[in-house]
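The structure appears right after this line, and notes come after that.
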Amino acid sequence: MTRMQNFLKGLVKENPTLVLVLGTCPTLAISTSVTAAFGMGIAATAVLICSNMAISALRNTIPDRVRIPCYIVLVAGFVTVVELLMEAFAYSLYQSLGVYLALIVVNCIILGRAEMYANKHGVIDSAIDGLGMGLGFTLAICSMGTIREILGGGSWCGIPIPWFHENPIGILTMAPGGFFVFGCMIALVNKISKGKAIKKKEFGCMGCMLCEKGVCGKEESAK
Amino acid sequence: MREQKKDIIKSIVVLVVICLVTSAALAIVNHFTAPVSAANAAAREEAARRAVLPDAGSFEKLESDALPASVVSAYRGLDASGKPIGYIFSISGKGFGGTIQIMCAIGPDGKILRCQTLDVSGETKTLGGKTASPDYTDQYTGKDASLDGVDAISGATITSTAYKNCVLDAFKAYDAVKEAG
């Protein structure tokens with residue numbers, strides 16, 4: 001796989017949010033406004049790139065049995081750095097992201113990429129993978145934010161839009177509306193990719209670490 | 001057996017080293033960002049106090065044990081000659097989706113001069129979030145502790161009630177500081 005393909009796969013073919021269905025919690029919670037969604041995407045991308053690089057650089061040092069705690073500590077460190085910087089230099093964004101900023105630590109996309117990619121590949125490849133996946137997440141969360149903010153709040157990036165502003169569909173900015181938009185977008189992606197997107201083997205049972213070692217016993221039925 | 005022991009020790013050492021390095025890095029970052037954050041927070045508070053009590057020349061922080069627990073800070077606004085022209089309380093309460101924070105200025109006559117919403121980011125934007133708009137906050141201006149005629153936002157009863165309770169706490173705090181002189 002060339003580096004370009006490696007980068008592009010995160011954007012479309014293996015979009016972490018809409019195809020792998022990871023990182024759903026921040027996607028649903030933050031996509032009520034486009035600016036917050038964009039901030040969340042960029043923060044998660046920065047953490048993802050840094051953590052992918054750090055984990056990839058340390059992949060031969062970290063013993064297998066303590067890898068998850070090690071990853072969490074590294075990711076938490078980067079998240080806290082982002083948090084401190086944001087509180088100092090982008091306070092309004094810091095406020096609108098609230099607790100979800102700290103929750104990037106347990107974002108499945110970041111741990112997922114650490115497990116599935118960074119601990120098996122080199123530093124540069126991992127950085128590119130992190131960038132692609134992070135931008136894929138940003139793209140997904142921003143497009144969801146666009147739909148929810150325009151239809152649900154009648155504005156885009158805080159700019160009121162005529163007609164929509166007088167007729168907002170309030171429920172779209174709440175949790176049920178989030179699930180509804182999320183479901184529609186996944187359906188749309190599957191329609192466009194003709195259902196191929198979700199059938200990627202790498203992310204099924206076969207991509208799991210246990211399976212490689214033949215521990216769970218499901219590998220026979222999966223074949 | 002010896003192999004296993006070596007494995008365990010290596011695991012411990014690696015994890016401890018990673019933790020130490022991470023915390024050291026965080027301490028360094030914090031060292032640089034903490035003063036900026038503190039200065040920003042002070043400036044924001046000052047700006048919010050100016051907004052609710054524009055006529056005040058200076059503010060004096062009030063410390064008292066008698067204030068309700070929900071009061072985050074209390075200030076007395078003084079005019080140019082040092083006469084008190086109002087009291088400012090910033091109060092937090094439990095809204096629908098999280099903590100809400102408001103700032104309320106009460107004049108010496110016991111009437112609200114101005115109410116301002118500091119933080120309702122935890123509330124639903126189109127419902128409870130409307131408590132941040134001047135349409136809602138302006139109705140408190142001139143009200144006394146009975147809060148007669150303040151309309152709740154339909155669909156956002158919990159946020160509206162929480163908001164009112166915050167304002168009532170401001171009056172309790174006002175009585176407390178008045179008594180204390």
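Naming works like this for the structure tokens: A, B, ... for the chains as they're shown, residue 1 at the start of each chain, ligands 1 onward in shown order.
Near chain A, within 8 Å and counting only C-alpha atoms, the residues of chain B are Asp7, Lys10, Ser11, Val14, Leu15, Ile18, Cys19, Thr22, Ser23, Leu26, Val29, Asn30, Thr33, Ala34, Val36, Ser37, Asn40, Ser121, Thr124, Lys125 and Thr126 of chain B.
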Next, dump the selected residues to file, keeping only C-alpha atoms, as a CSV table (one decimal), in the first residue's frame.
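Final output, saved to part-v3.csv:
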chain,number,residue,atom,x,y,z
B,7,ASP,CA,9.2,-10.3,32.0
B,10,LYS,CA,10.5,-5.3,32.5
B,11,SER,CA,6.8,-4.6,32.4
B,14,VAL,CA,8.6,0.3,31.2
B,15,LEU,CA,5.2,1.3,32.6
B,18,ILE,CA,6.4,6.0,30.6
B,19,CYS,CA,4.3,7.4,33.5
B,22,THR,CA,4.5,11.7,30.7
B,23,SER,CA,3.9,13.5,34.0
B,26,LEU,CA,2.7,17.6,31.5
B,29,VAL,CA,3.4,22.3,29.6
B,30,ASN,CA,1.3,23.3,32.6
B,33,THR,CA,-0.1,27.5,30.1
B,34,ALA,CA,-1.2,27.9,33.8
B,36,VAL,CA,-2.1,32.4,30.7
B,37,SER,CA,-5.2,30.4,31.7
B,40,ASN,CA,-7.7,34.8,30.9
B,121,SER,CA,-23.3,24.9,27.5
B,124,THR,CA,-30.0,21.7,24.9
B,125,LYS,CA,-29.2,24.6,22.6
B,126,THR,CA,-32.7,25.3,21.2
Near-Asn52 (chain A) list (10 Å; only C-alpha atoms; drop same-chain fewer than 2 positions) as a PDB file with C-alpha atoms, in the first residue's frame:
ATOM      1  CA  ALA A  46      -3.656  15.955  16.888  1.00  0.00           C
ATOM      2  CA  VAL A  47      -3.866  13.396  19.683  1.00  0.00           C
ATOM      3  CA  LEU A  48      -4.178  10.560  17.171  1.00  0.00           C
ATOM      4  CA  ILE A  49      -1.088  11.565  15.199  1.00  0.00           C
ATOM      5  CA  CYS A  50       1.010  12.064  18.347  1.00  0.00           C
ATOM      6  CA  ALA A  54       4.747   7.567  20.155  1.00  0.00           C
ATOM      7  CA  ILE A  55       3.263   4.082  20.265  1.00  0.00           C
ATOM      8  CA  SER A  56       4.913   3.133  17.007  1.00  0.00           C
ATOM      9  CA  ALA A  57       8.273   4.408  18.237  1.00  0.00           C
ATOM     10  CA  LEU A  58       7.941   2.433  21.452  1.00  0.00           C
ATOM     11  CA  TYR A  71      -1.131   3.253  25.527  1.00  0.00           C
ATOM     12  CA  LEU A  74       0.542   8.020  26.502  1.00  0.00           C
ATOM     13  CA  VAL A  75      -2.838   8.992  25.032  1.00  0.00           C
ATOM     14  CA  ILE A 110      -7.259   6.245  19.059  1.00  0.00           C
ATOM     15  CA  LEU A 111      -6.937   2.974  20.940  1.00  0.00           C
ATOM     16  CA  ARG A 113      -5.467   2.607  15.662  1.00  0.00           C
ATOM     17  CA  ALA A 114      -2.845   1.937  18.333  1.00  0.00           C
ATOM     18  CA  GLU A 115      -3.831  -1.724  18.461  1.00  0.00           C
ATOM     19  CA  TYR A 117      -1.905  -0.137  13.133  1.00  0.00           C
ATOM     20  CA  ALA A 118       0.662   1.764  15.175  1.00  0.00           C
ATOM     21  CA  ASN A 119       2.061  -1.209  17.068  1.00  0.00           C
ATOM     22  CA  HIS A 121       4.091  -0.234  11.582  1.00  0.00           C
ATOM     23  CA  GLY A 122       6.840   2.379  11.450  1.00  0.00           C
ATOM     24  CA  VAL A 123       6.661   5.891  12.849  1.00  0.00           C
ATOM     25  CA  ILE A 124       6.061   7.742   9.560  1.00  0.00           C
ATOM     26  CA  ASP A 125       3.449   5.282   8.329  1.00  0.00           C
ATOM     27  CA  SER A 126       1.691   5.511  11.686  1.00  0.00           C
ATOM     28  CA  ALA A 127       1.692   9.306  11.548  1.00  0.00           C
ATOM     29  CA  ILE A 128       0.150   9.207   8.072  1.00  0.00           C
ATOM     30  CA  ASP A 129      -2.413   6.678   9.227  1.00  0.00           C
ATOM     31  CA  GLY A 130      -3.240   8.913  12.211  1.00  0.00           C
ATOM     32  CA  LEU A 131      -3.605  11.948   9.971  1.00  0.00           C
TER      33      LEU A 131
END
>> Taking only chain B into account, list the residues labelled strand (DSSP E) by DSSP (computed from the backbone), as a PyMOL selection string.
In response: chain B and resi 58-61+71-78+84-94+99-106+112-119
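We find CA of Gln5 (chain A) and CA of Gly136 (chain A) to be spaced 13.4 Å apart.
Residues in contact with region 191-194 of chain A at up to 10 Å, not including ones fewer than 5 positions away on its chain and judged by only C-alpha atoms, are Val12, Lys13, Met185 and Ile186 of chain A.
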Could you turn the residues from that selection into a file that holds N, CA and C atoms, as a compact mmCIF listing (two decimals), in the first residue's frame?
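Below is the file that was written, result26.txt:
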# COMPACT_ATOMS: atom_id res chain seq x y z
N VAL A 12 -12.04 7.90 3.38
CA VAL A 12 -13.25 7.37 2.76
C VAL A 12 -13.46 5.88 3.05
N LYS A 13 -12.60 5.06 2.51
CA LYS A 13 -12.87 3.62 2.49
C LYS A 13 -12.98 3.02 3.88
N MET A 185 -26.61 8.63 7.82
CA MET A 185 -25.32 8.81 7.15
C MET A 185 -24.64 7.46 6.89
N ILE A 186 -24.74 6.55 7.87
CA ILE A 186 -24.15 5.22 7.66
C ILE A 186 -24.86 4.52 6.51
Give me, as a PDB file with C-alpha atoms, in the first residue's frame, all polymer residues having an atom no more than 7 Å from region 44-61 of chain B, counting only C-alpha atoms and skipping those fewer than 6 positions away in the same chain.
ATOM      1  CA  ALA B  74     -19.508  37.728  45.570  1.00  0.00           C
ATOM      2  CA  TYR B  75     -18.406  41.270  44.806  1.00  0.00           C
ATOM      3  CA  ARG B  76     -19.443  44.722  45.864  1.00  0.00           C
ATOM      4  CA  GLY B  77     -19.432  47.308  43.114  1.00  0.00           C
ATOM      5  CA  LEU B  78     -18.258  50.757  44.149  1.00  0.00           C
ATOM      6  CA  ASP B  79     -18.686  53.994  42.247  1.00  0.00           C
ATOM      7  CA  ALA B  80     -15.920  56.558  41.806  1.00  0.00           C
ATOM      8  CA  ALA B 105     -26.244  42.205  40.050  1.00  0.00           C
ATOM      9  CA  ARG B 114     -29.038  42.862  35.563  1.00  0.00           C
ATOM     10  CA  CYS B 115     -28.769  39.127  35.157  1.00  0.00           C
ATOM     11  CA  GLN B 116     -26.355  37.486  32.840  1.00  0.00           C
TER      12      GLN B 116
END
> Where does DSSP see helix (DSSP H, G or I) in chain B, if you list the residues as JSON, numbers by chain?
Replying inline: {"B": [2, 3, 4, 5, 6, 7, 8, 9, 10, 11, 12, 13, 14, 15, 16, 17, 18, 19, 20, 21, 22, 23, 24, 25, 26, 27, 28, 29, 30, 31, 32, 33, 34, 35, 36, 37, 38, 39, 40, 41, 42, 43, 44, 45, 46, 47, 48, 49, 50, 51, 52, 128, 129, 130, 131, 132, 134, 135, 136, 137, 138, 139, 140, 157, 158, 159, 160, 161, 162, 163, 164, 165, 166, 167, 168, 169, 170, 171, 172, 173, 174, 175, 176, 177, 178, 179, 180]}
>> What does the structure give for the distance between CA of Ile106 (chain B) and CA of Asp144 (chain B), in Å to one decimal?
In response: 8.9 Å
> Hey, can you check how far CA of Gly132 (chain A) sits from CA of Val105 (chain A)?
Replying inline: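 Separating CA of Gly132 (chain A) from CA of Val105 (chain A) is a distance of 18.7 Å.
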> Residues at most 8 Å from Gln139 (chain B), counting only C-alpha atoms, excluding those fewer than 3 positions away in the same chain, as a ChimeraX atom specification?
Replying inline: /B:135-136,143,150-151
> Residues at most 12 Å from Ser73 (chain B), counting only C-alpha atoms, excluding those fewer than 2 positions away in the same chain, as a PyMOL selection string?
Replying inline: chain B and resi 45-46+49+59-65+67-71+75-76+87-92+101-105+170+173-174
Next, write the just-selected residues to a file, as a PDB file, in the first residue's frame, keeping N, CA and C atoms as the atom set.
ATOM      1  N   GLU B  45     -13.834  37.174  34.066  1.00  0.00           N
ATOM      2  CA  GLU B  45     -14.685  37.509  35.206  1.00  0.00           C
ATOM      3  C   GLU B  45     -14.869  39.015  35.317  1.00  0.00           C
ATOM      4  N   GLU B  46     -13.767  39.712  35.152  1.00  0.00           N
ATOM      5  CA  GLU B  46     -13.805  41.171  35.237  1.00  0.00           C
ATOM      6  C   GLU B  46     -14.752  41.727  34.170  1.00  0.00           C
ATOM      7  N   ARG B  49     -18.326  41.119  35.145  1.00  0.00           N
ATOM      8  CA  ARG B  49     -18.775  42.050  36.201  1.00  0.00           C
ATOM      9  C   ARG B  49     -19.054  43.423  35.613  1.00  0.00           C
ATOM     10  N   PHE B  59     -14.331  47.081  41.977  1.00  0.00           N
ATOM     11  CA  PHE B  59     -15.038  45.977  42.618  1.00  0.00           C
ATOM     12  C   PHE B  59     -14.257  45.511  43.830  1.00  0.00           C
ATOM     13  N   GLU B  60     -15.027  45.115  44.833  1.00  0.00           N
ATOM     14  CA  GLU B  60     -14.398  44.663  46.061  1.00  0.00           C
ATOM     15  C   GLU B  60     -14.914  43.259  46.354  1.00  0.00           C
ATOM     16  N   LYS B  61     -14.009  42.311  46.518  1.00  0.00           N
ATOM     17  CA  LYS B  61     -14.429  40.923  46.747  1.00  0.00           C
ATOM     18  C   LYS B  61     -14.955  40.761  48.168  1.00  0.00           C
ATOM     19  N   LEU B  62     -16.106  40.072  48.285  1.00  0.00           N
ATOM     20  CA  LEU B  62     -16.691  39.843  49.602  1.00  0.00           C
ATOM     21  C   LEU B  62     -16.462  38.395  50.002  1.00  0.00           C
ATOM     22  N   GLU B  63     -15.980  38.180  51.206  1.00  0.00           N
ATOM     23  CA  GLU B  63     -15.799  36.821  51.726  1.00  0.00           C
ATOM     24  C   GLU B  63     -16.703  36.684  52.935  1.00  0.00           C
ATOM     25  N   SER B  64     -17.547  35.657  52.948  1.00  0.00           N
ATOM     26  CA  SER B  64     -18.414  35.437  54.101  1.00  0.00           C
ATOM     27  C   SER B  64     -18.805  33.970  54.164  1.00  0.00           C
ATOM     28  N   ASP B  65     -18.925  33.441  55.361  1.00  0.00           N
ATOM     29  CA  ASP B  65     -19.351  32.054  55.526  1.00  0.00           C
ATOM     30  C   ASP B  65     -20.854  31.915  55.405  1.00  0.00           C
ATOM     31  N   LEU B  67     -22.798  32.924  53.061  1.00  0.00           N
ATOM     32  CA  LEU B  67     -23.331  32.833  51.708  1.00  0.00           C
ATOM     33  C   LEU B  67     -23.795  31.410  51.405  1.00  0.00           C
ATOM     34  N   PRO B  68     -24.868  31.262  50.620  1.00  0.00           N
ATOM     35  CA  PRO B  68     -25.298  29.918  50.223  1.00  0.00           C
ATOM     36  C   PRO B  68     -24.169  29.201  49.464  1.00  0.00           C
ATOM     37  N   ALA B  69     -24.210  27.863  49.538  1.00  0.00           N
ATOM     38  CA  ALA B  69     -23.119  27.080  48.957  1.00  0.00           C
ATOM     39  C   ALA B  69     -22.996  27.257  47.443  1.00  0.00           C
ATOM     40  N   SER B  70     -24.125  27.633  46.802  1.00  0.00           N
ATOM     41  CA  SER B  70     -24.092  27.720  45.349  1.00  0.00           C
ATOM     42  C   SER B  70     -23.401  28.993  44.850  1.00  0.00           C
ATOM     43  N   VAL B  71     -23.093  29.905  45.766  1.00  0.00           N
ATOM     44  CA  VAL B  71     -22.465  31.158  45.342  1.00  0.00           C
ATOM     45  C   VAL B  71     -20.982  30.922  45.076  1.00  0.00           C
ATOM     46  N   TYR B  75     -19.163  40.027  44.901  1.00  0.00           N
ATOM     47  CA  TYR B  75     -18.406  41.270  44.806  1.00  0.00           C
ATOM     48  C   TYR B  75     -19.319  42.438  45.151  1.00  0.00           C
ATOM     49  N   ARG B  76     -18.706  43.485  45.668  1.00  0.00           N
ATOM     50  CA  ARG B  76     -19.443  44.722  45.864  1.00  0.00           C
ATOM     51  C   ARG B  76     -18.913  45.709  44.831  1.00  0.00           C
ATOM     52  N   TYR B  87     -24.402  44.821  44.292  1.00  0.00           N
ATOM     53  CA  TYR B  87     -23.699  43.598  44.671  1.00  0.00           C
ATOM     54  C   TYR B  87     -23.777  42.625  43.512  1.00  0.00           C
ATOM     55  N   ILE B  88     -22.673  41.958  43.249  1.00  0.00           N
ATOM     56  CA  ILE B  88     -22.648  41.018  42.137  1.00  0.00           C
ATOM     57  C   ILE B  88     -22.359  39.622  42.669  1.00  0.00           C
ATOM     58  N   PHE B  89     -23.236  38.689  42.302  1.00  0.00           N
ATOM     59  CA  PHE B  89     -23.021  37.312  42.730  1.00  0.00           C
ATOM     60  C   PHE B  89     -22.909  36.438  41.499  1.00  0.00           C
ATOM     61  N   SER B  90     -21.929  35.558  41.498  1.00  0.00           N
ATOM     62  CA  SER B  90     -21.970  34.553  40.455  1.00  0.00           C
ATOM     63  C   SER B  90     -22.329  33.240  41.114  1.00  0.00           C
ATOM     64  N   ILE B  91     -23.354  32.586  40.528  1.00  0.00           N
ATOM     65  CA  ILE B  91     -23.978  31.440  41.173  1.00  0.00           C
ATOM     66  C   ILE B  91     -24.015  30.276  40.199  1.00  0.00           C
ATOM     67  N   SER B  92     -23.782  29.092  40.712  1.00  0.00           N
ATOM     68  CA  SER B  92     -23.917  27.923  39.846  1.00  0.00           C
ATOM     69  C   SER B  92     -25.052  27.054  40.358  1.00  0.00           C
ATOM     70  N   GLN B 101     -24.190  28.383  35.067  1.00  0.00           N
ATOM     71  CA  GLN B 101     -23.627  29.433  35.900  1.00  0.00           C
ATOM     72  C   GLN B 101     -24.154  30.784  35.431  1.00  0.00           C
ATOM     73  N   ILE B 102     -24.606  31.578  36.381  1.00  0.00           N
ATOM     74  CA  ILE B 102     -25.132  32.889  36.025  1.00  0.00           C
ATOM     75  C   ILE B 102     -24.488  33.949  36.910  1.00  0.00           C
ATOM     76  N   MET B 103     -24.622  35.201  36.487  1.00  0.00           N
ATOM     77  CA  MET B 103     -24.131  36.303  37.289  1.00  0.00           C
ATOM     78  C   MET B 103     -25.278  37.283  37.446  1.00  0.00           C
ATOM     79  N   CYS B 104     -25.449  37.769  38.661  1.00  0.00           N
ATOM     80  CA  CYS B 104     -26.617  38.581  38.955  1.00  0.00           C
ATOM     81  C   CYS B 104     -26.171  39.802  39.755  1.00  0.00           C
ATOM     82  N   ALA B 105     -26.576  40.986  39.311  1.00  0.00           N
ATOM     83  CA  ALA B 105     -26.244  42.205  40.050  1.00  0.00           C
ATOM     84  C   ALA B 105     -27.507  42.714  40.737  1.00  0.00           C
ATOM     85  N   ALA B 170     -29.082  34.189  44.826  1.00  0.00           N
ATOM     86  CA  ALA B 170     -28.413  35.490  44.801  1.00  0.00           C
ATOM     87  C   ALA B 170     -29.056  36.422  45.816  1.00  0.00           C
ATOM     88  N   ALA B 173     -27.930  35.422  49.232  1.00  0.00           N
ATOM     89  CA  ALA B 173     -26.567  35.911  49.447  1.00  0.00           C
ATOM     90  C   ALA B 173     -26.581  37.406  49.707  1.00  0.00           C
ATOM     91  N   TYR B 174     -27.478  38.089  48.984  1.00  0.00           N
ATOM     92  CA  TYR B 174     -27.602  39.543  49.147  1.00  0.00           C
ATOM     93  C   TYR B 174     -28.017  39.896  50.559  1.00  0.00           C
TER      94      TYR B 174
END
